[in-house]
Amino acid sequence: MTDNELQELLKELARTLDQKKANNTVLLNLQKVSSYLNFFVIAGALSNLHARNLANETIDFMKERGIRLAYHDTMNPGSGWITLDFGSFIVHILSEDKRSYYDLEDYWNNAERIEW
């Protein structure tokens, strides 16, 4: 899959998460600011149950397109932060307090934001 194809897929994922009431979904292209990361999808969840549902929606969305998790860890939505590693991109689903505390968007502020 080319970078452009992957970006289009991630835009489609962002729209899907938005339909599922994810808060302020952000896509970041990290290729120019990181030697080992390509893309981040960052989405806010309203509750632990909502975070788990968004994570399951993401996994199902990717499975339908033939993309599997590169690394699978037990999802613990009670932590306030679920990370789904698909190899060429990582999806972060965070509670609002964790998102505010860790502020990934500010940490990666040199990364290109992808409009979706």
# chains A, B, ... in the order shown; residues from 1 in each chain; ligands from 1
call {"tool": "residues_around", "arguments": {"residues": "Thr58 in chain A", "least_positions_apart": "4", "cutoff": "12 Å", "atoms": "only C-alpha atoms", "output": "NGL selection string"}}
result
:A and (9-10 or 12-18 or 20 or 22 or 41-43 or 51-54 or 62-65 or 67-69 or 82-86 or 90-93)
call {"tool": "write_last_selection", "arguments": {"atoms": "C-alpha atoms", "output": "PDB file, in the first residue's frame"}}
result
ATOM      1  CA  LEU A   9      -7.639   4.702   4.370  1.00  0.00           C
ATOM      2  CA  LEU A  10      -6.831   6.590   7.580  1.00  0.00           C
ATOM      3  CA  GLU A  12     -11.885   6.909   6.026  1.00  0.00           C
ATOM      4  CA  LEU A  13     -11.136   5.491   9.489  1.00  0.00           C
ATOM      5  CA  ALA A  14     -11.272   8.995  10.993  1.00  0.00           C
ATOM      6  CA  ARG A  15     -14.705   9.560   9.415  1.00  0.00           C
ATOM      7  CA  THR A  16     -15.879   6.193  10.751  1.00  0.00           C
ATOM      8  CA  LEU A  17     -14.668   7.015  14.270  1.00  0.00           C
ATOM      9  CA  ASP A  18     -16.333  10.410  14.001  1.00  0.00           C
ATOM     10  CA  LYS A  20     -19.144   6.612  16.324  1.00  0.00           C
ATOM     11  CA  ALA A  22     -15.070   9.884  18.826  1.00  0.00           C
ATOM     12  CA  VAL A  41      -4.569   8.375  14.537  1.00  0.00           C
ATOM     13  CA  ILE A  42      -5.565  10.012  17.830  1.00  0.00           C
ATOM     14  CA  ALA A  43      -9.193   9.890  18.989  1.00  0.00           C
ATOM     15  CA  ALA A  51     -13.054   3.527  24.184  1.00  0.00           C
ATOM     16  CA  ARG A  52     -13.466  -0.243  23.933  1.00  0.00           C
ATOM     17  CA  ASN A  53     -16.180   0.166  21.296  1.00  0.00           C
ATOM     18  CA  LEU A  54     -14.018   2.546  19.263  1.00  0.00           C
ATOM     19  CA  MET A  62      -9.119  -2.776   9.332  1.00  0.00           C
ATOM     20  CA  LYS A  63      -9.926  -6.507   9.199  1.00  0.00           C
ATOM     21  CA  GLU A  64     -12.517  -5.801   6.489  1.00  0.00           C
ATOM     22  CA  ARG A  65      -9.690  -4.259   4.475  1.00  0.00           C
ATOM     23  CA  ILE A  67      -5.152  -5.243   7.691  1.00  0.00           C
ATOM     24  CA  ARG A  68      -4.388  -6.942  10.982  1.00  0.00           C
ATOM     25  CA  LEU A  69      -2.848  -5.744  14.207  1.00  0.00           C
ATOM     26  CA  ILE A  82      -5.835   2.084  24.190  1.00  0.00           C
ATOM     27  CA  THR A  83      -3.073   1.721  21.605  1.00  0.00           C
ATOM     28  CA  LEU A  84      -3.609  -0.348  18.463  1.00  0.00           C
ATOM     29  CA  ASP A  85      -0.397  -0.995  16.515  1.00  0.00           C
ATOM     30  CA  PHE A  86      -0.986  -1.856  12.859  1.00  0.00           C
ATOM     31  CA  ILE A  90      -0.817   3.407  15.376  1.00  0.00           C
ATOM     32  CA  VAL A  91      -4.285   4.276  16.616  1.00  0.00           C
ATOM     33  CA  HIS A  92      -4.480   5.939  20.036  1.00  0.00           C
ATOM     34  CA  ILE A  93      -7.866   6.063  21.759  1.00  0.00           C
TER      35      ILE A  93
END
call {"tool": "select_by_dssp", "arguments": {"residues": "range 9-83 of chain A", "states": "helix (DSSP H, G or I)", "output": "count of residues only"}}
result
31
call {"tool": "closest_residue", "arguments": {"among": "A:Leu49, A:Asn56, A:Tyr101, A:Phe40", "to": "Gln7 in chain A", "atoms": "only C-alpha atoms"}}
result
A:Phe40
call {"tool": "select_by_dssp", "arguments": {"residues": "chain A", "states": "strand (DSSP E)", "output": "PyMOL selection string"}}
result
chain A and resi 23-29+39-45+81-85+89-95+112-114
call {"tool": "write_last_selection", "arguments": {"atoms": "N, CA and C atoms", "output": "mmCIF file, in the first residue's frame"}}
result
data_model
loop_
_atom_site.group_PDB
_atom_site.id
_atom_site.type_symbol
_atom_site.label_atom_id
_atom_site.label_comp_id
_atom_site.auth_asym_id
_atom_site.auth_seq_id
_atom_site.Cartn_x
_atom_site.Cartn_y
_atom_site.Cartn_z
ATOM 1 N N ASN A 23 -14.160 11.885 19.837
ATOM 2 C CA ASN A 23 -13.928 13.326 19.976
ATOM 3 C C ASN A 23 -12.640 13.744 19.290
ATOM 4 N N ASN A 24 -12.746 14.765 18.445
ATOM 5 C CA ASN A 24 -11.576 15.452 17.906
ATOM 6 C C ASN A 24 -10.517 14.492 17.370
ATOM 7 N N THR A 25 -10.887 13.662 16.414
ATOM 8 C CA THR A 25 -9.931 12.725 15.816
ATOM 9 C C THR A 25 -8.903 13.495 14.991
ATOM 10 N N VAL A 26 -7.625 13.157 15.201
ATOM 11 C CA VAL A 26 -6.518 13.824 14.533
ATOM 12 C C VAL A 26 -5.673 12.774 13.824
ATOM 13 N N LEU A 27 -5.260 13.096 12.594
ATOM 14 C CA LEU A 27 -4.333 12.245 11.849
ATOM 15 C C LEU A 27 -3.003 12.985 11.743
ATOM 16 N N LEU A 28 -1.929 12.291 12.076
ATOM 17 C CA LEU A 28 -0.600 12.882 11.995
ATOM 18 C C LEU A 28 0.299 12.048 11.095
ATOM 19 N N ASN A 29 1.007 12.721 10.193
ATOM 20 C CA ASN A 29 2.027 12.094 9.372
ATOM 21 C C ASN A 29 3.359 12.366 10.068
ATOM 22 N N PHE A 39 2.481 7.009 10.864
ATOM 23 C CA PHE A 39 1.246 7.745 11.055
ATOM 24 C C PHE A 39 0.644 7.441 12.422
ATOM 25 N N PHE A 40 -0.014 8.448 12.994
ATOM 26 C CA PHE A 40 -0.820 8.291 14.197
ATOM 27 C C PHE A 40 -2.253 8.689 13.873
ATOM 28 N N VAL A 41 -3.180 7.956 14.457
ATOM 29 C CA VAL A 41 -4.569 8.375 14.537
ATOM 30 C C VAL A 41 -4.831 8.544 16.030
ATOM 31 N N ILE A 42 -5.299 9.724 16.422
ATOM 32 C CA ILE A 42 -5.565 10.012 17.830
ATOM 33 C C ILE A 42 -7.041 10.374 17.954
ATOM 34 N N ALA A 43 -7.755 9.650 18.822
ATOM 35 C CA ALA A 43 -9.193 9.890 18.989
ATOM 36 C C ALA A 43 -9.539 9.920 20.470
ATOM 37 N N GLY A 44 -10.486 10.767 20.826
ATOM 38 C CA GLY A 44 -10.951 10.874 22.200
ATOM 39 C C GLY A 44 -12.189 10.024 22.436
ATOM 40 N N ALA A 45 -12.256 9.416 23.611
ATOM 41 C CA ALA A 45 -13.397 8.583 24.000
ATOM 42 C C ALA A 45 -14.118 9.224 25.178
ATOM 43 N N TRP A 81 -6.304 4.706 28.027
ATOM 44 C CA TRP A 81 -5.517 4.830 26.802
ATOM 45 C C TRP A 81 -5.402 3.449 26.156
ATOM 46 N N ILE A 82 -5.963 3.313 24.972
ATOM 47 C CA ILE A 82 -5.835 2.084 24.190
ATOM 48 C C ILE A 82 -4.962 2.400 22.985
ATOM 49 N N THR A 83 -3.959 1.567 22.756
ATOM 50 C CA THR A 83 -3.073 1.721 21.605
ATOM 51 C C THR A 83 -3.217 0.492 20.723
ATOM 52 N N LEU A 84 -3.492 0.727 19.441
ATOM 53 C CA LEU A 84 -3.609 -0.348 18.463
ATOM 54 C C LEU A 84 -2.503 -0.163 17.430
ATOM 55 N N ASP A 85 -1.559 -1.088 17.397
ATOM 56 C CA ASP A 85 -0.397 -0.995 16.515
ATOM 57 C C ASP A 85 -0.643 -1.846 15.274
ATOM 58 N N PHE A 89 1.024 2.232 11.047
ATOM 59 C CA PHE A 89 0.319 3.304 11.757
ATOM 60 C C PHE A 89 -0.154 2.789 13.108
ATOM 61 N N ILE A 90 -0.350 3.728 14.029
ATOM 62 C CA ILE A 90 -0.817 3.407 15.376
ATOM 63 C C ILE A 90 -2.048 4.237 15.662
ATOM 64 N N VAL A 91 -3.058 3.596 16.216
ATOM 65 C CA VAL A 91 -4.285 4.276 16.616
ATOM 66 C C VAL A 91 -4.265 4.409 18.132
ATOM 67 N N HIS A 92 -4.413 5.643 18.606
ATOM 68 C CA HIS A 92 -4.480 5.939 20.036
ATOM 69 C C HIS A 92 -5.903 6.369 20.357
ATOM 70 N N ILE A 93 -6.527 5.692 21.298
ATOM 71 C CA ILE A 93 -7.866 6.063 21.759
ATOM 72 C C ILE A 93 -7.723 6.407 23.236
ATOM 73 N N LEU A 94 -7.988 7.673 23.558
ATOM 74 C CA LEU A 94 -7.723 8.163 24.906
ATOM 75 C C LEU A 94 -8.961 8.798 25.520
ATOM 76 N N SER A 95 -9.077 8.615 26.837
ATOM 77 C CA SER A 95 -10.085 9.375 27.573
ATOM 78 C C SER A 95 -9.670 10.839 27.519
ATOM 79 N N GLU A 112 3.090 16.656 10.405
ATOM 80 C CA GLU A 112 2.081 17.202 9.493
ATOM 81 C C GLU A 112 0.709 16.661 9.884
ATOM 82 N N ARG A 113 -0.249 17.563 10.047
ATOM 83 C CA ARG A 113 -1.632 17.153 10.285
ATOM 84 C C ARG A 113 -2.286 16.862 8.938
ATOM 85 N N ILE A 114 -3.016 15.772 8.902
ATOM 86 C CA ILE A 114 -3.712 15.374 7.673
ATOM 87 C C ILE A 114 -5.174 15.723 7.854
#
call {"tool": "atom_distance", "arguments": {"atom1": "CA of Glu57 in chain A", "atom2": "CA of Arg99 in chain A"}}
result
19.6 Å
call {"tool": "closest_residue", "arguments": {"among": "A:Asp3, A:Lys21, A:Leu46, A:Leu30", "to": "Leu104 in chain A", "atoms": "only C-alpha atoms"}}
result
A:Leu30
call {"tool": "atom_distance", "arguments": {"atom1": "CA of Asn110 in chain A", "atom2": "CA of Ile59 in chain A"}}
result
27.9 Å
call {"tool": "atom_distance", "arguments": {"atom1": "CA of Ala111 in chain A", "atom2": "CA of Gln31 in chain A"}}
result
7.8 Å
call {"tool": "closest_residue", "arguments": {"among": "A:Trp116, A:Phe61, A:Tyr102, A:Tyr36", "to": "Gly80 in chain A", "atoms": "only C-alpha atoms"}}
result
A:Tyr102
call {"tool": "closest_residue", "arguments": {"among": "A:Ala55, A:Gly87, A:Ala70, A:Gln19", "to": "Leu37 in chain A", "atoms": "only C-alpha atoms"}}
result
A:Gly87
